[in-house]
file final.pdb (PDB, C-alpha atoms, pLDDT in the B column)
ATOM      1  CA  MET A 146       0.000   0.000   0.000  1.00 67.00           C
ATOM      2  CA  THR A 147       2.891   2.337   0.730  1.00 81.00           C
ATOM      3  CA  PHE A 148       4.254   1.789  -2.771  1.00 83.00           C
ATOM      4  CA  TYR A 149       0.962   2.829  -4.380  1.00 82.00           C
ATOM      5  CA  SER A 150       0.838   5.931  -2.197  1.00 88.00           C
ATOM      6  CA  LEU A 151       4.348   6.919  -3.230  1.00 89.00           C
ATOM      7  CA  VAL A 152       3.535   6.348  -6.916  1.00 88.00           C
ATOM      8  CA  GLY A 153       0.470   8.571  -6.552  1.00 87.00           C
ATOM      9  CA  LEU A 154       2.469  11.307  -4.825  1.00 91.00           C
ATOM     10  CA  TRP A 155       5.216  11.085  -7.468  1.00 91.00           C
ATOM     11  CA  ASN A 156       2.671  11.383 -10.282  1.00 89.00           C
ATOM     12  CA  GLY A 157       0.995  14.270  -8.476  1.00 90.00           C
ATOM     13  CA  PHE A 158       4.350  16.037  -8.214  1.00 92.00           C
ATOM     14  CA  PHE A 159       4.898  15.712 -11.959  1.00 89.00           C
ATOM     15  CA  LEU A 160       1.379  16.934 -12.715  1.00 87.00           C
ATOM     16  CA  VAL A 161       1.966  20.071 -10.639  1.00 91.00           C
ATOM     17  CA  VAL A 162       5.339  20.679 -12.325  1.00 90.00           C
ATOM     18  CA  TYR A 163       3.819  20.159 -15.771  1.00 87.00           C
ATOM     19  CA  SER A 164       0.936  22.506 -15.045  1.00 87.00           C
ATOM     20  CA  LEU A 165       3.209  25.234 -13.702  1.00 90.00           C
ATOM     21  CA  THR A 166       5.623  25.051 -16.632  1.00 89.00           C
ATOM     22  CA  GLY A 167       2.973  24.817 -19.352  1.00 83.00           C
ATOM     23  CA  VAL A 168       4.205  21.524 -20.799  1.00 82.00           C
ATOM     24  CA  SER A 169       0.698  20.746 -22.008  1.00 75.00           C
ATOM     25  CA  GLN A 170       1.205  23.261 -24.826  1.00 82.00           C
ATOM     26  CA  ILE A 171       3.395  20.653 -26.525  1.00 79.00           C
ATOM     27  CA  MET A 172       0.173  18.816 -27.394  1.00 73.00           C
ATOM     28  CA  ALA A 173      -0.604  21.629 -29.836  1.00 77.00           C
ATOM     29  CA  LEU A 174       2.275  20.328 -31.946  1.00 79.00           C
ATOM     30  CA  CYS A 175       0.824  16.803 -32.073  1.00 76.00           C
ATOM     31  CA  SER A 176      -1.577  15.799 -34.786  1.00 80.00           C
ATOM     32  CA  ARG A 177      -4.986  14.409 -34.027  1.00 79.00           C
ATOM     33  CA  SER A 178      -3.896  10.927 -35.077  1.00 84.00           C
ATOM     34  CA  THR A 179      -1.150  10.981 -32.434  1.00 84.00           C
ATOM     35  CA  GLU A 180      -3.715  11.822 -29.767  1.00 82.00           C
ATOM     36  CA  GLU A 181      -5.971   9.035 -31.027  1.00 87.00           C
ATOM     37  CA  ILE A 182      -3.135   6.499 -30.964  1.00 90.00           C
ATOM     38  CA  VAL A 183      -2.297   7.400 -27.356  1.00 86.00           C
ATOM     39  CA  GLY A 184      -5.993   7.079 -26.487  1.00 86.00           C
ATOM     40  CA  ILE A 185      -6.240   3.684 -28.163  1.00 92.00           C
ATOM     41  CA  PHE A 186      -3.195   2.353 -26.311  1.00 92.00           C
ATOM     42  CA  THR A 187      -4.592   3.623 -23.019  1.00 90.00           C
ATOM     43  CA  SER A 188      -7.954   1.976 -23.743  1.00 89.00           C
ATOM     44  CA  ILE A 189      -6.287  -1.309 -24.660  1.00 93.00           C
ATOM     45  CA  ALA A 190      -4.287  -1.238 -21.413  1.00 92.00           C
ATOM     46  CA  PHE A 191      -7.468  -0.785 -19.354  1.00 90.00           C
ATOM     47  CA  ILE A 192      -9.338  -3.476 -21.292  1.00 90.00           C
ATOM     48  CA  VAL A 193      -6.502  -5.990 -20.886  1.00 93.00           C
ATOM     49  CA  ASP A 194      -6.268  -5.305 -17.142  1.00 92.00           C
ATOM     50  CA  SER A 195     -10.002  -5.703 -16.638  1.00 90.00           C
ATOM     51  CA  MET A 196     -10.104  -8.937 -18.631  1.00 92.00           C
ATOM     52  CA  LYS A 197      -7.192 -10.297 -16.569  1.00 93.00           C
ATOM     53  CA  TYR A 198      -9.173  -9.522 -13.422  1.00 90.00           C
ATOM     54  CA  VAL A 199     -12.323 -11.207 -14.730  1.00 90.00           C
ATOM     55  CA  ASN A 200     -10.297 -14.232 -15.825  1.00 90.00           C
ATOM     56  CA  LYS A 201      -8.625 -14.435 -12.400  1.00 89.00           C
ATOM     57  CA  GLN A 202     -11.989 -14.319 -10.646  1.00 87.00           C
ATOM     58  CA  PHE A 203     -13.385 -17.085 -12.837  1.00 85.00           C
ATOM     59  CA  ALA A 204     -10.264 -19.211 -12.347  1.00 83.00           C
ATOM     60  CA  THR A 205     -10.531 -18.763  -8.579  1.00 83.00           C
ATOM     61  CA  HIS A 206     -14.278 -19.119  -8.074  1.00 80.00           C
ATOM     62  CA  TRP A 207     -15.749 -20.969 -11.067  1.00 78.00           C
ATOM     63  CA  CYS A 208     -14.247 -24.414 -11.515  1.00 74.00           C
ATOM     64  CA  GLY A 209     -15.592 -27.643 -12.968  1.00 67.00           C
ATOM     65  CA  ASP A 210     -14.096 -29.661 -10.137  1.00 66.00           C
ATOM     66  CA  VAL A 211     -14.812 -28.183  -6.697  1.00 62.00           C
ATOM     67  CA  ALA A 212     -11.675 -29.818  -5.257  1.00 65.00           C
ATOM     68  CA  ASP A 213      -9.461 -27.766  -7.618  1.00 66.00           C
ATOM     69  CA  CYS A 214     -11.027 -24.427  -6.677  1.00 67.00           C
ATOM     70  CA  LYS A 215      -9.372 -22.159  -4.131  1.00 69.00           C
ATOM     71  CA  SER A 216     -12.758 -20.879  -2.999  1.00 70.00           C
ATOM     72  CA  PRO A 217     -15.701 -22.370  -4.913  1.00 72.00           C
ATOM     73  CA  ASP A 218     -18.141 -19.450  -4.663  1.00 78.00           C
ATOM     74  CA  ARG A 219     -19.580 -18.979  -8.114  1.00 81.00           C
ATOM     75  CA  SER A 220     -21.581 -15.935  -7.091  1.00 83.00           C
ATOM     76  CA  VAL A 221     -18.373 -13.874  -6.832  1.00 84.00           C
ATOM     77  CA  ALA A 222     -17.345 -14.696 -10.398  1.00 84.00           C
ATOM     78  CA  LEU A 223     -20.862 -14.034 -11.645  1.00 87.00           C
ATOM     79  CA  ALA A 224     -21.026 -10.677  -9.826  1.00 87.00           C
ATOM     80  CA  VAL A 225     -17.700  -9.610 -11.358  1.00 88.00           C
ATOM     81  CA  PHE A 226     -18.972 -10.610 -14.799  1.00 89.00           C
ATOM     82  CA  ILE A 227     -22.250  -8.711 -14.366  1.00 89.00           C
ATOM     83  CA  VAL A 228     -20.565  -5.544 -13.081  1.00 90.00           C
ATOM     84  CA  THR A 229     -17.876  -5.573 -15.791  1.00 90.00           C
ATOM     85  CA  PHE A 230     -20.088  -6.201 -18.768  1.00 91.00           C
ATOM     86  CA  GLY A 231     -22.996  -4.248 -17.287  1.00 90.00           C
ATOM     87  CA  THR A 232     -20.758  -1.186 -17.220  1.00 90.00           C
ATOM     88  CA  LEU A 233     -19.832  -1.774 -20.848  1.00 90.00           C
ATOM     89  CA  PHE A 234     -23.469  -2.278 -21.878  1.00 92.00           C
ATOM     90  CA  ILE A 235     -24.717   0.855 -20.102  1.00 90.00           C
ATOM     91  CA  ALA A 236     -21.870   2.961 -21.508  1.00 91.00           C
ATOM     92  CA  VAL A 237     -22.518   1.794 -25.081  1.00 91.00           C
ATOM     93  CA  GLN A 238     -26.261   2.377 -24.780  1.00 91.00           C
ATOM     94  CA  ILE A 239     -25.793   5.896 -23.412  1.00 88.00           C
ATOM     95  CA  TYR A 240     -23.142   6.657 -26.033  1.00 89.00           C
ATOM     96  CA  ASN A 241     -25.550   5.523 -28.785  1.00 88.00           C
ATOM     97  CA  PHE A 242     -27.997   8.140 -27.464  1.00 85.00           C
ATOM     98  CA  LYS A 243     -25.930  10.553 -29.568  1.00 83.00           C
ATOM     99  CA  TRP A 244     -27.817   9.379 -32.671  1.00 84.00           C
ATOM    100  CA  SER A 245     -31.311   9.430 -31.165  1.00 83.00           C
ATOM    101  CA  PRO A 246     -33.899  12.054 -32.155  1.00 84.00           C
ATOM    102  CA  PHE A 247     -34.315  13.237 -28.531  1.00 84.00           C
ATOM    103  CA  LEU A 248     -32.902  16.527 -27.242  1.00 83.00           C
ATOM    104  CA  SER A 249     -30.796  18.926 -29.259  1.00 85.00           C
ATOM    105  CA  SER A 250     -27.555  17.942 -30.966  1.00 84.00           C
ATOM    106  CA  GLY A 251     -25.379  19.657 -28.376  1.00 85.00           C
ATOM    107  CA  LYS A 252     -27.152  18.019 -25.442  1.00 87.00           C
ATOM    108  CA  ARG A 253     -26.939  14.574 -27.086  1.00 85.00           C
ATOM    109  CA  LYS A 254     -23.184  15.029 -27.555  1.00 87.00           C
ATOM    110  CA  LEU A 255     -22.849  16.124 -23.928  1.00 86.00           C
ATOM    111  CA  VAL A 256     -24.722  13.037 -22.727  1.00 86.00           C
ATOM    112  CA  ALA A 257     -22.560  10.823 -24.946  1.00 87.00           C
ATOM    113  CA  GLU A 258     -19.354  12.396 -23.596  1.00 87.00           C
ATOM    114  CA  TYR A 259     -20.255  11.379 -20.039  1.00 88.00           C
ATOM    115  CA  ALA A 260     -21.501   7.871 -20.884  1.00 89.00           C
ATOM    116  CA  LEU A 261     -18.557   6.012 -19.364  1.00 88.00           C
ATOM    117  CA  PRO A 262     -18.319   7.943 -16.067  1.00 89.00           C
ATOM    118  CA  PHE A 263     -22.075   7.639 -15.612  1.00 91.00           C
ATOM    119  CA  SER A 264     -22.076   3.892 -16.281  1.00 91.00           C
ATOM    120  CA  VAL A 265     -19.169   3.383 -13.866  1.00 89.00           C
ATOM    121  CA  LEU A 266     -21.062   5.347 -11.213  1.00 91.00           C
ATOM    122  CA  VAL A 267     -24.261   3.357 -11.736  1.00 89.00           C
ATOM    123  CA  MET A 268     -22.517  -0.016 -11.638  1.00 89.00           C
ATOM    124  CA  SER A 269     -20.461   1.072  -8.611  1.00 88.00           C
ATOM    125  CA  LEU A 270     -23.719   1.598  -6.777  1.00 88.00           C
ATOM    126  CA  ILE A 271     -25.208  -1.683  -8.031  1.00 82.00           C
ATOM    127  CA  GLY A 272     -22.057  -3.795  -7.619  1.00 74.00           C
ATOM    128  CA  PRO A 273     -21.877  -3.930  -3.812  1.00 72.00           C
ATOM    129  CA  THR A 274     -25.487  -5.100  -3.607  1.00 68.00           C
ATOM    130  CA  SER A 275     -24.913  -8.141  -5.832  1.00 57.00           C
TER     131      SER A 275
END

call {"tool": "encode", "arguments": {"input": "final.pdb", "output": "structure tokens"}}
result
Amino acid sequence: MTFYSLVGLWNGFFLVVYSLTGVSQIMALCSRSTEEIVGIFTSIAFIVDSMKYVNKQFATHWCGDVADCKSPDRSVALAVFIVTFGTLFIAVQIYNFKWSPFLSSGKRKLVAEYALPFSVLVMSLIGPTS
């Protein structure tokens, strides 16, 4: 836990230094494709980490042979699956609201921009109850 705290403080230090020195202006020199590539790599990193976690939970809690399981509680693996893919489903459905005929174009884009944080919030509230 101490290591994670130090990593967070170190990153916070760099963020403060970057904001005070105006390093973010370098992004003006980058093309849009460079920004998209960085975004794609970040998304892939998060997706891979979440799939590793889901796989670990299924390997631990969902086994064919109960004697091989470390803790044979299938409800844990099922809850992780529901929360993970429920978040994805809600985010995609809210994002697709961008092309619906409801609201004005600007409001639809605003709703679509906050699809992922909203879905994470909703599933964070639902997750502990399952």

call {"tool": "resolve_selection", "arguments": {"input": "final.pdb", "expression": "the PyMOL selection byres ((chain A and resi 254) around 12)", "output": "list of chain:residue names"}}
result
A:Ile239, A:Tyr240, A:Asn241, A:Phe242, A:Lys243, A:Trp244, A:Ser245, A:Phe247, A:Leu248, A:Ser249, A:Ser250, A:Gly251, A:Lys252, A:Arg253, A:Leu255, A:Val256, A:Ala257, A:Glu258, A:Tyr259, A:Ala260

call {"tool": "resolve_selection", "arguments": {"input": "final.pdb", "expression": "the PyMOL selection byres ((chain A and resi 226) around 12)", "output": "short mmCIF file (atom, residue, chain, number, x, y, z; two decimals) with C-alpha atoms, in the frame of the given file"}}
result
data_model
loop_
_atom_site.label_atom_id
_atom_site.label_comp_id
_atom_site.auth_asym_id
_atom_site.auth_seq_id
_atom_site.Cartn_x
_atom_site.Cartn_y
_atom_site.Cartn_z
CA SER A 195 -10.00 -5.70 -16.64
CA MET A 196 -10.10 -8.94 -18.63
CA LYS A 197 -7.19 -10.30 -16.57
CA TYR A 198 -9.17 -9.52 -13.42
CA VAL A 199 -12.32 -11.21 -14.73
CA ASN A 200 -10.30 -14.23 -15.82
CA LYS A 201 -8.62 -14.44 -12.40
CA GLN A 202 -11.99 -14.32 -10.65
CA PHE A 203 -13.38 -17.08 -12.84
CA HIS A 206 -14.28 -19.12 -8.07
CA TRP A 207 -15.75 -20.97 -11.07
CA ARG A 219 -19.58 -18.98 -8.11
CA SER A 220 -21.58 -15.94 -7.09
CA VAL A 221 -18.37 -13.87 -6.83
CA ALA A 222 -17.34 -14.70 -10.40
CA LEU A 223 -20.86 -14.03 -11.64
CA ALA A 224 -21.03 -10.68 -9.83
CA VAL A 225 -17.70 -9.61 -11.36
CA ILE A 227 -22.25 -8.71 -14.37
CA VAL A 228 -20.56 -5.54 -13.08
CA THR A 229 -17.88 -5.57 -15.79
CA PHE A 230 -20.09 -6.20 -18.77
CA GLY A 231 -23.00 -4.25 -17.29
CA THR A 232 -20.76 -1.19 -17.22
CA LEU A 233 -19.83 -1.77 -20.85
CA PHE A 234 -23.47 -2.28 -21.88
CA MET A 268 -22.52 -0.02 -11.64
CA GLY A 272 -22.06 -3.80 -7.62
CA SER A 275 -24.91 -8.14 -5.83
#

call {"tool": "axis_aligned_box", "arguments": {"input": "final.pdb", "around": "region 235-254 of chain A", "padding_each_side": "3 Å", "output": "AutoDock Vina command-line options"}}
result
--center_x -28.1 --center_y 10.3 --center_z -26.4 --size_x 18.4 --size_y 24.8 --size_z 18.6

call {"tool": "resolve_selection", "arguments": {"input": "final.pdb", "expression": "the PyMOL selection byres ((chain A and resi 264) around 6)", "output": "list in words"}}
result
Thr232, Ile235, Ala236, Leu261, Pro262, Phe263, Val265, Leu266 and Val267 of chain A

call {"tool": "atom_distance", "arguments": {"input": "final.pdb", "atom1": "CA of Thr147 (chain A)", "atom2": "CA of Ser188 (chain A)"}}
result
26.8 Å

call {"tool": "atom_distance", "arguments": {"input": "final.pdb", "atom1": "CA of Tyr163 (chain A)", "atom2": "CA of Leu151 (chain A)"}}
result
18.2 Å
